[in-house]
Amino acid sequence: MSYLRTAILLAGLTALFMLIGYLIGGPNGAVIAFFVAAATNFITYWNADKLVLSTQGAQEVDEHSAPELVHMVAELARRAELPMPRVFVMDNPQPNAFATGRNPQHGAVALTTGLLGMLSSDELAGVISHELAHIKNHDTLLMTVTATIAGAISMLAQFGMFFGGGNRNNNSGMGIVGTLLMVVLAPLAAMLVQMAISRTREYAADNMGARISGNPAGLAAALAKIEAGAHAIENVHAEQNPAAAPLFIINPLSGARMDNLFATHPATENRIAALQQLATQMDRGSFAQAPTSPVAGGPWGRRSPWG
């Protein structure tokens, strides 16, 4: 089903790409845009994860450079019955994380240094489990492809704003109207991201992630901390590449410009409430309990978890 959703999404984004090409260069522009979109779709399917990781400044770590972190991911991946994903760390003070990869065999989990320094071991396990749930549910293909294509469409639309309307001799005959439409198309690309990345996927990943870690409390506490940190600390990489915002566990954007159009995440308080309800269902009792971490050694504390 995830592949069907992705195919439908790519068809819609290709059509939008062609519309922008038509507004910029008439029928010839639409044809050129079609071939550009086809090439972009092909490249994105195979390389979207690399592109997203690169734009976010993610660096891969292993059992030598980050033994505790890699061990935690490996244990949680085993619980989730998933292949071991690649692990990346982003040198970013904002606490946040995302998963990517076209399928579980090519999954990757990326976490910021801010997240690793802020969360306890139990909370970190909850976040990693949430991202593994996205991989297990095949959400990452849809999320990553959408983020990459939507970003390309936004740039093309902005290009058309400056050059499309000024070409009065193009065959589209839309002139000023085309230019005005370009003003709308960039935020429309963001709205497509909202529509494609269903908010229910975050709830589903929270639910499955809590079951993988066995600790809804840890994930709930992590979400509260990440929400507060994301509001207080700017994520420069995300601000420069806002189409990737839906990938993160919490919206990384400050909302200083038009970033609120990318607010694809459900309200954090509602996610925490759902986890509290799940905890009750799992008979874990009060959230004041101290659950057992899947990794020995307790919380990260102030020590660097990768050095």
# chains A, B, ... in the order shown; residues from 1 in each chain; ligands from 1
>>> residues_around(residues="stretch 39-48 of chain A", least_positions_apart="3", cutoff="8 Å", atoms="only C-alpha atoms", output="ChimeraX atom specification")
/A:10,35-36,51-52,101-102,141,144-145,148-149
>>> closest_atom_pairs(of="stretch 78-105 of chain A", to="stretch 114-126 of chain A", cutoff="6 Å", atoms="only C-alpha atoms", output="CSV")
residue,atom,partner,partner_atom,distance
A:Asn92,CA,A:Gly114,CA,6.0
A:Pro93,CA,A:Gly114,CA,4.2
A:Gln94,CA,A:Gly114,CA,5.0
A:Pro95,CA,A:Leu115,CA,3.8
A:Asn96,CA,A:Leu115,CA,5.7
>>> write_last_selection(atoms="N, CA and C atoms", output="mmCIF file, in the first residue's frame")
data_model
loop_
_atom_site.group_PDB
_atom_site.id
_atom_site.type_symbol
_atom_site.label_atom_id
_atom_site.label_comp_id
_atom_site.auth_asym_id
_atom_site.auth_seq_id
_atom_site.Cartn_x
_atom_site.Cartn_y
_atom_site.Cartn_z
ATOM 1 N N ASN A 92 23.933 19.445 15.688
ATOM 2 C CA ASN A 92 22.864 20.448 15.712
ATOM 3 C C ASN A 92 22.372 20.570 17.152
ATOM 4 N N PRO A 93 22.315 21.767 17.716
ATOM 5 C CA PRO A 93 21.919 21.913 19.115
ATOM 6 C C PRO A 93 20.436 21.655 19.380
ATOM 7 N N GLN A 94 19.615 21.732 18.342
ATOM 8 C CA GLN A 94 18.186 21.479 18.547
ATOM 9 C C GLN A 94 17.939 19.985 18.744
ATOM 10 N N PRO A 95 17.221 19.580 19.786
ATOM 11 C CA PRO A 95 16.906 18.157 19.955
ATOM 12 C C PRO A 95 15.890 17.709 18.915
ATOM 13 N N ASN A 96 16.250 16.729 18.100
ATOM 14 C CA ASN A 96 15.326 16.238 17.087
ATOM 15 C C ASN A 96 15.892 14.969 16.460
#
>>> select_by_dssp(residues="stretch 47-114 of chain A", states="helix (DSSP H, G or I)", output="PyMOL selection string")
chain A and resi 47-55+67-79+104-106+113-114
>>> closest_residue(among="A:Leu142, A:Gln276, A:Asn251, A:Glu227", to="A:Leu9", atoms="only C-alpha atoms")
A:Leu142
>>> atom_distance(atom1="atom CA of A:Pro67", atom2="atom CA of A:Ser213")
18.9 Å
